[in-house]
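Shown next: structure29.pdb, containing PDB, C-alpha atoms.
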```pdb
ATOM      1  CA  MET A  88      60.675 139.035 118.297
ATOM      2  CA  ALA A  89      63.503 140.796 120.081
ATOM      3  CA  ALA A  90      65.157 143.064 117.563
ATOM      4  CA  SER A  91      67.634 144.948 119.670
ATOM      5  CA  LYS A  92      69.168 144.935 123.084
ATOM      6  CA  GLY A  93      66.999 146.547 125.678
ATOM      7  CA  GLU A  94      63.784 146.198 123.712
ATOM      8  CA  ALA A  95      60.613 146.175 125.772
ATOM      9  CA  GLY A  96      59.916 142.783 127.272
ATOM     10  CA  GLU A  97      63.565 141.704 127.246
ATOM     11  CA  LYS A  98      65.120 141.373 130.682
ATOM     12  CA  PRO A  99      68.666 142.594 131.370
ATOM     13  CA  GLY A 100      71.213 139.889 130.588
ATOM     14  CA  GLU A 101      68.621 137.742 128.860
ATOM     15  CA  GLU A 102      69.543 136.263 125.489
ATOM     16  CA  PRO A 103      67.314 137.772 122.756
ATOM     17  CA  SER A 104      64.968 135.468 120.890
ATOM     18  CA  GLU A 105      66.686 134.204 117.764
ATOM     19  CA  PRO A 106      65.274 134.613 114.244
ATOM     20  CA  HIS A 107      63.660 131.475 112.803
ATOM     21  CA  ASN A 108      63.805 132.271 109.095
ATOM     22  CA  LEU A 109      65.223 134.729 106.570
ATOM     23  CA  ILE A 110      62.509 137.360 106.934
ATOM     24  CA  GLU A 111      62.886 137.411 110.716
ATOM     25  CA  LEU A 112      66.648 137.815 110.279
ATOM     26  CA  ILE A 113      66.100 140.774 107.926
ATOM     27  CA  GLU A 114      63.619 142.422 110.279
ATOM     28  CA  THR A 115      65.901 141.868 113.273
ATOM     29  CA  ILE A 116      68.806 143.616 111.542
ATOM     30  CA  GLU A 117      66.613 146.419 110.193
ATOM     31  CA  ALA A 118      65.307 147.146 113.707
ATOM     32  CA  ILE A 119      68.783 147.915 115.077
ATOM     33  CA  GLU A 120      69.147 151.641 115.700
ATOM     34  CA  THR A 121      72.111 153.290 113.941
ATOM     35  CA  PRO A 122      72.169 157.009 114.850
ATOM     36  CA  SER A 123      75.776 157.289 113.598
ATOM     37  CA  GLY A 124      74.881 155.858 110.190
ATOM     38  CA  LYS A 125      77.126 152.860 110.891
ATOM     39  CA  LEU A 126      75.999 149.371 111.846
ATOM     40  CA  ARG A 127      78.318 147.623 114.297
ATOM     41  CA  PHE A 128      78.724 143.882 113.849
ATOM     42  CA  ASP A 129      78.474 143.438 117.613
ATOM     43  CA  ALA A 130      75.021 145.047 117.573
ATOM     44  CA  VAL A 131      73.865 142.466 115.045
ATOM     45  CA  LEU A 132      75.241 139.642 117.205
ATOM     46  CA  GLU A 133      73.480 141.054 120.264
ATOM     47  CA  ALA A 134      70.215 141.186 118.323
ATOM     48  CA  ILE A 135      70.252 137.608 117.008
ATOM     49  CA  GLY A 136      71.988 135.947 119.962
ATOM     50  CA  ARG A 137      75.409 134.351 120.424
ATOM     51  CA  ARG A 138      74.505 130.831 121.514
ATOM     52  CA  SER A 139      72.869 129.223 118.477
ATOM     53  CA  PHE A 140      74.946 127.882 115.601
ATOM     54  CA  GLY A 141      72.135 128.007 113.017
ATOM     55  CA  PRO A 142      71.324 131.740 113.187
ATOM     56  CA  LEU A 143      75.019 132.675 113.276
ATOM     57  CA  LEU A 144      75.725 130.543 110.199
ATOM     58  CA  LEU A 145      72.657 131.996 108.497
ATOM     59  CA  LEU A 146      73.933 135.518 109.261
ATOM     60  CA  ALA A 147      77.321 134.769 107.683
ATOM     61  CA  GLY A 148      75.727 133.269 104.591
ATOM     62  CA  PHE A 149      73.118 135.988 104.236
ATOM     63  CA  VAL A 150      75.665 138.823 104.447
ATOM     64  CA  THR A 151      77.966 137.054 101.966
ATOM     65  CA  LEU A 152      75.073 136.458  99.585
ATOM     66  CA  ALA A 153      73.203 139.773  99.806
ATOM     67  CA  PRO A 154      73.707 142.263  96.941
ATOM     68  CA  VAL A 155      75.493 145.524  97.819
ATOM     69  CA  ILE A 156      76.646 144.180 101.218
ATOM     70  CA  SER A 157      78.781 141.376  99.777
ATOM     71  CA  GLY A 158      80.317 143.814  97.306
ATOM     72  CA  ILE A 159      81.874 145.931 100.058
ATOM     73  CA  PRO A 160      85.650 145.220  99.982
ATOM     74  CA  GLY A 161      86.718 142.911 102.802
ATOM     75  CA  VAL A 162      83.223 141.818 103.816
ATOM     76  CA  PRO A 163      83.564 138.244 102.442
ATOM     77  CA  SER A 164      86.889 137.817 104.270
ATOM     78  CA  LEU A 165      85.302 139.247 107.432
ATOM     79  CA  MET A 166      82.468 136.731 107.178
ATOM     80  CA  GLY A 167      85.035 134.014 106.490
ATOM     81  CA  MET A 168      86.858 134.816 109.735
ATOM     82  CA  PHE A 169      83.553 134.959 111.611
ATOM     83  CA  THR A 170      82.486 131.569 110.209
ATOM     84  CA  PHE A 171      85.926 130.082 110.930
ATOM     85  CA  LEU A 172      85.777 131.088 114.610
ATOM     86  CA  VAL A 173      82.174 129.971 115.146
ATOM     87  CA  CYS A 174      82.694 126.570 113.442
ATOM     88  CA  ALA A 175      85.986 125.931 115.260
ATOM     89  CA  GLN A 176      84.338 126.592 118.624
ATOM     90  CA  LEU A 177      81.363 124.373 117.780
ATOM     91  CA  LEU A 178      83.717 121.512 116.870
ATOM     92  CA  LEU A 179      85.562 122.064 120.160
ATOM     93  CA  GLY A 180      82.278 121.757 122.061
ATOM     94  CA  ARG A 181      81.766 125.360 123.203
ATOM     95  CA  ARG A 182      78.174 126.415 123.897
ATOM     96  CA  THR A 183      78.697 130.178 123.806
ATOM     97  CA  PHE A 184      80.647 131.569 120.872
ATOM     98  CA  TRP A 185      83.496 134.006 121.597
ATOM     99  CA  LEU A 186      84.643 136.585 119.074
ATOM    100  CA  PRO A 187      87.589 139.013 119.336
ATOM    101  CA  ALA A 188      86.881 142.700 119.878
ATOM    102  CA  TRP A 189      88.378 143.749 116.524
ATOM    103  CA  LEU A 190      85.827 141.579 114.737
ATOM    104  CA  ARG A 191      82.878 142.585 116.914
ATOM    105  CA  ASN A 192      83.694 146.286 116.488
ATOM    106  CA  ARG A 193      83.745 146.261 112.689
ATOM    107  CA  GLN A 194      81.205 148.657 111.146
ATOM    108  CA  LEU A 195      79.333 148.855 107.868
ATOM    109  CA  SER A 196      77.312 151.656 106.312
ATOM    110  CA  SER A 197      73.755 151.188 107.564
ATOM    111  CA  ALA A 198      72.428 152.656 104.288
ATOM    112  CA  LYS A 199      74.209 149.975 102.251
ATOM    113  CA  VAL A 200      73.098 147.247 104.655
ATOM    114  CA  HIS A 201      69.455 148.333 104.440
ATOM    115  CA  LYS A 202      69.676 148.561 100.648
ATOM    116  CA  GLY A 203      71.028 145.023 100.477
ATOM    117  CA  LEU A 204      68.334 143.767 102.855
ATOM    118  CA  GLY A 205      65.683 145.412 100.700
ATOM    119  CA  TRP A 206      66.896 143.470  97.659
ATOM    120  CA  MET A 207      66.651 140.214  99.632
ATOM    121  CA  ARG A 208      63.132 140.641 101.030
ATOM    122  CA  LYS A 209      61.135 139.189  98.119
ATOM    123  CA  PRO A 210      63.339 136.125  97.479
ATOM    124  CA  SER A 211      63.540 135.528 101.241
ATOM    125  CA  ARG A 212      59.751 135.327 101.545
ATOM    126  CA  MET A 213      59.641 132.818  98.695
ATOM    127  CA  ILE A 214      62.390 130.689 100.259
ATOM    128  CA  ASP A 215      60.796 130.734 103.723
ATOM    129  CA  ARG A 216      57.592 129.223 102.282
ATOM    130  CA  LEU A 217      59.569 126.216 100.995
ATOM    131  CA  VAL A 218      61.366 125.423 104.260
ATOM    132  CA  TYR A 219      59.982 122.835 106.681
ATOM    133  CA  HIS A 220      60.970 119.837 108.866
ATOM    134  CA  ARG A 221      62.074 116.826 106.740
ATOM    135  CA  ILE A 222      64.895 114.254 106.381
ATOM    136  CA  SER A 223      65.684 114.831 110.060
ATOM    137  CA  PHE A 224      68.848 112.692 110.216
ATOM    138  CA  MET A 225      70.554 115.314 108.016
ATOM    139  CA  THR A 226      70.169 117.866 110.809
ATOM    140  CA  GLY A 227      71.071 115.608 113.745
ATOM    141  CA  ASP A 228      74.164 115.996 115.958
ATOM    142  CA  LEU A 229      76.508 114.213 113.547
ATOM    143  CA  ALA A 230      75.137 116.123 110.559
ATOM    144  CA  ILE A 231      75.604 119.447 112.360
ATOM    145  CA  ARG A 232      79.252 118.589 113.017
ATOM    146  CA  LEU A 233      79.690 117.734 109.328
ATOM    147  CA  ILE A 234      78.038 121.050 108.443
ATOM    148  CA  ALA A 235      80.523 122.775 110.759
ATOM    149  CA  VAL A 236      83.434 121.050 108.975
ATOM    150  CA  ALA A 237      82.102 122.039 105.523
ATOM    151  CA  SER A 238      81.518 125.622 106.681
ATOM    152  CA  PHE A 239      84.991 125.682 108.247
ATOM    153  CA  VAL A 240      86.502 124.776 104.863
ATOM    154  CA  LEU A 241      84.411 127.457 103.136
ATOM    155  CA  ALA A 242      85.598 130.011 105.680
ATOM    156  CA  ILE A 243      89.245 129.232 104.911
ATOM    157  CA  ALA A 244      88.532 129.510 101.174
ATOM    158  CA  MET A 245      86.702 132.854 101.313
ATOM    159  CA  PRO A 246      89.733 135.206 101.052
ATOM    160  CA  PRO A 247      90.956 133.625  97.761
ATOM    161  CA  MET A 248      87.342 133.421  96.590
ATOM    162  CA  GLU A 249      87.287 137.226  96.484
ATOM    163  CA  LEU A 250      89.635 136.925  93.491
ATOM    164  CA  VAL A 251      87.144 134.816  91.523
ATOM    165  CA  PRO A 252      83.825 136.515  90.595
ATOM    166  CA  LEU A 253      80.653 134.931  92.028
ATOM    167  CA  THR A 254      82.388 132.166  94.029
ATOM    168  CA  VAL A 255      81.946 134.096  97.274
ATOM    169  CA  ASN A 256      78.240 134.445  96.535
ATOM    170  CA  ILE A 257      77.990 130.701  95.877
ATOM    171  CA  ALA A 258      79.666 130.091  99.239
ATOM    172  CA  GLY A 259      77.088 132.452 100.758
ATOM    173  CA  VAL A 260      74.315 130.293  99.301
ATOM    174  CA  ALA A 261      75.864 127.218 100.955
ATOM    175  CA  LEU A 262      76.146 128.894 104.362
ATOM    176  CA  THR A 263      72.592 130.224 104.091
ATOM    177  CA  LEU A 264      71.294 126.746 103.263
ATOM    178  CA  PHE A 265      73.187 125.256 106.208
ATOM    179  CA  GLY A 266      71.910 127.912 108.621
ATOM    180  CA  LEU A 267      68.298 127.482 107.515
ATOM    181  CA  ALA A 268      68.653 123.685 107.596
ATOM    182  CA  ILE A 269      69.731 123.733 111.240
ATOM    183  CA  MET A 270      67.093 126.257 112.311
ATOM    184  CA  ALA A 271      64.177 124.528 110.534
ATOM    185  CA  ARG A 272      65.488 120.945 110.847
ATOM    186  CA  ASP A 273      65.206 120.756 107.059
ATOM    187  CA  GLY A 274      67.523 117.953 105.936
ATOM    188  CA  LEU A 275      66.947 118.654 102.258
ATOM    189  CA  LEU A 276      68.527 122.092 102.683
ATOM    190  CA  SER A 277      71.458 120.420 104.420
ATOM    191  CA  ILE A 278      71.988 118.113 101.438
ATOM    192  CA  LEU A 279      71.753 121.050  99.040
ATOM    193  CA  GLY A 280      74.236 122.946 101.206
ATOM    194  CA  PHE A 281      76.834 120.194 100.827
ATOM    195  CA  LEU A 282      76.294 120.138  97.052
ATOM    196  CA  VAL A 283      76.679 123.921  96.765
ATOM    197  CA  THR A 284      79.789 123.766  98.972
ATOM    198  CA  GLY A 285      81.365 121.349  96.506
ATOM    199  CA  ILE A 286      80.405 123.569  93.568
ATOM    200  CA  SER A 287      81.881 126.712  95.150
ATOM    201  CA  LEU A 288      85.174 125.014  96.049
ATOM    202  CA  PHE A 289      85.494 123.397  92.620
ATOM    203  CA  THR A 290      84.773 126.719  90.882
ATOM    204  CA  MET A 291      87.398 128.514  92.975
ATOM    205  CA  ILE A 292      90.097 125.868  92.432
ATOM    206  CA  TYR A 293      89.349 125.601  88.696
ATOM    207  CA  ASN A 294      89.662 129.358  88.172
ATOM    208  CA  LEU A 295      92.788 129.806  90.300
ATOM    209  CA  LEU A 296      94.803 126.958  88.735
TER     210      LEU A 296
END
```

Written as structure tokens, how would this file's structure read?
Amino acid sequence: MAASKGEAGEKPGEEPSEPHNLIELIETIEAIETPSGKLRFDAVLEAIGRRSFGPLLLLAGFVTLAPVISGIPGVPSLMGMFTFLVCAQLLLGRRTFWLPAWLRNRQLSSAKVHKGLGWMRKPSRMIDRLVYHRISFMTGDLAIRLIAVASFVLAIAMPPMELVPLTVNIAGVALTLFGLAIMARDGLLSILGFLVTGISLFTMIYNLL
């Protein structure tokens, strides 16, 4: 598994191998070197790859869901903008996702990131054991576009969600389910993702009205 740019066995200019489950995503992020004590978002993108919708959606959901990381002010809105841009480009038919420099250059404390990842290791292992290929039509081309639309709506809702406790984390669950569904072709996770999306939006609207 390629964990960082320039790792042995990875050729220059070659897209790194993408993570296939939650544990691989955690290990990929943990392997990124941070001598300054800050983890650049662009370094994470380089490690997991920029071409696959599933891993990018999983990253957004995982960061929004993870304890400590999601509690950093502005992180949910940052992940909302990231999700918005990725979903918009998927719906427009782009194969390689572009992100502005100001978003790619954002940094987080590597200590807080690693602490949050540590909290997620045990539940991630349990979840990975339950994921497998099923209900394939819910991860087909049409389903992926519907997932992009649902994730797009969640992305728009994330800034106001920061005003309502736990709704951002619920949105993170939905994005994580969608990302895993696409990567593992697990249609059941896709269905659950749509249900959780509805719950998070309803909870936000109910509490803000």

Please define a box with edges along x, y and z of the file around all atoms of range 255-274 of chain A given in the file, extend it by 6 Å on each side, and return its centre and edge lengths in Å to one decimal, as lines of an AutoDock Vina configuration file.
```
center_x = 73.1
center_y = 126.2
center_z = 104.1
size_x = 29.8
size_y = 28.5
size_z = 28.4
```

For Leu204 in chain A: contacts at 12 Å, all atoms listed in the file, fewer than 5 positions along chain excluded, given as a PyMOL selection string
chain A and resi 109-118+146+149-157+197-199+209-211

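The closest residue to Met166 in chain A, picked from A:Pro106, A:Gly180, A:Pro246, A:Pro187 and counting all atoms listed in the file, is A:Pro246.
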
Give me the residues within 10 Å of Ser238 in chain A as an MDAnalysis selection string, counting all atoms listed in the file and dropping any in the same chain fewer than 5 places off.
chainID A and resid 144 148 167 170:171 173:175 232:233 243:244 258 261:262 265 280:281 284

In Å, with one decimal, what is the gap from CA of Ile214 in chain A to CA of Leu126 in chain A?
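So the answer is 25.9 Å.
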
Using only C-alpha atoms, which of A:Gly141, A:Pro122, A:Gly136, A:Pro160 sits nearest Ala268 in chain A?
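Among the listed residues, the smallest separation from Ala268 in chain A belongs to A:Gly141.
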
Which residue is closest to Arg216 in chain A? Choose from A:Ala271, A:Val162, A:Leu296, A:Ala130 and count all atoms listed in the file.
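Result for the nearest residue to Arg216 in chain A: A:Ala271.
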
So which one's closest to Leu179 in chain A, A:Leu276, A:Ile119, A:Leu288, A:Ala235? Using all atoms listed in the file, please.
A:Ala235

Rank A:Ile234, A:Leu282, A:Leu253, A:Ala188 by their smallest atom-to-atom distance to Gly266 in chain A, using all atoms listed in the file, and report the top residue only.
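Among A:Ile234, A:Leu282, A:Leu253, A:Ala188, it is A:Ile234 that comes nearest to Gly266 in chain A.
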
Option closest in space to Val260 in chain A, from A:Ala230, A:Leu217, A:Met245, A:Leu279 [counting only C-alpha atoms]:
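When distances to Val260 in chain A are compared using only C-alpha atoms, the smallest one comes from A:Leu279.
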
Surrounding residues of Val218 in chain A excluding itself and chain neighbours under 5 positions, 10 Å, only C-alpha atoms, as a PyMOL selection string:
chain A and resi 108+213+267-268+270-276

List the spatial neighbours of Leu295 in chain A as a list of chain:residue names - criterion: any atom at most 9 Å away, all atoms listed in the file, same-chain residues fewer than 5 positions off excluded.
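Contacts, in chain order: A:Pro247, A:Leu250, A:Val251, A:Thr290.
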
Between CA of Leu229 in chain A and CA of Ser139 in chain A, what distance in Å does the model show, to one decimal?
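Computing the Euclidean distance for CA of Leu229 in chain A and CA of Ser139 in chain A yields 16.2 Å.
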
One decimal, in Å: what's the spacing between CA of Leu195 in chain A and CA of Ala242 in chain A?
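These atoms are spaced 20.0 Å apart.
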
Check what the PyMOL selection byres ((chain A and resi 189) around 12) selects in the file above and give those residues as a PyMOL selection string.
chain A and resi 127-129+165+168-169+186-188+190-194
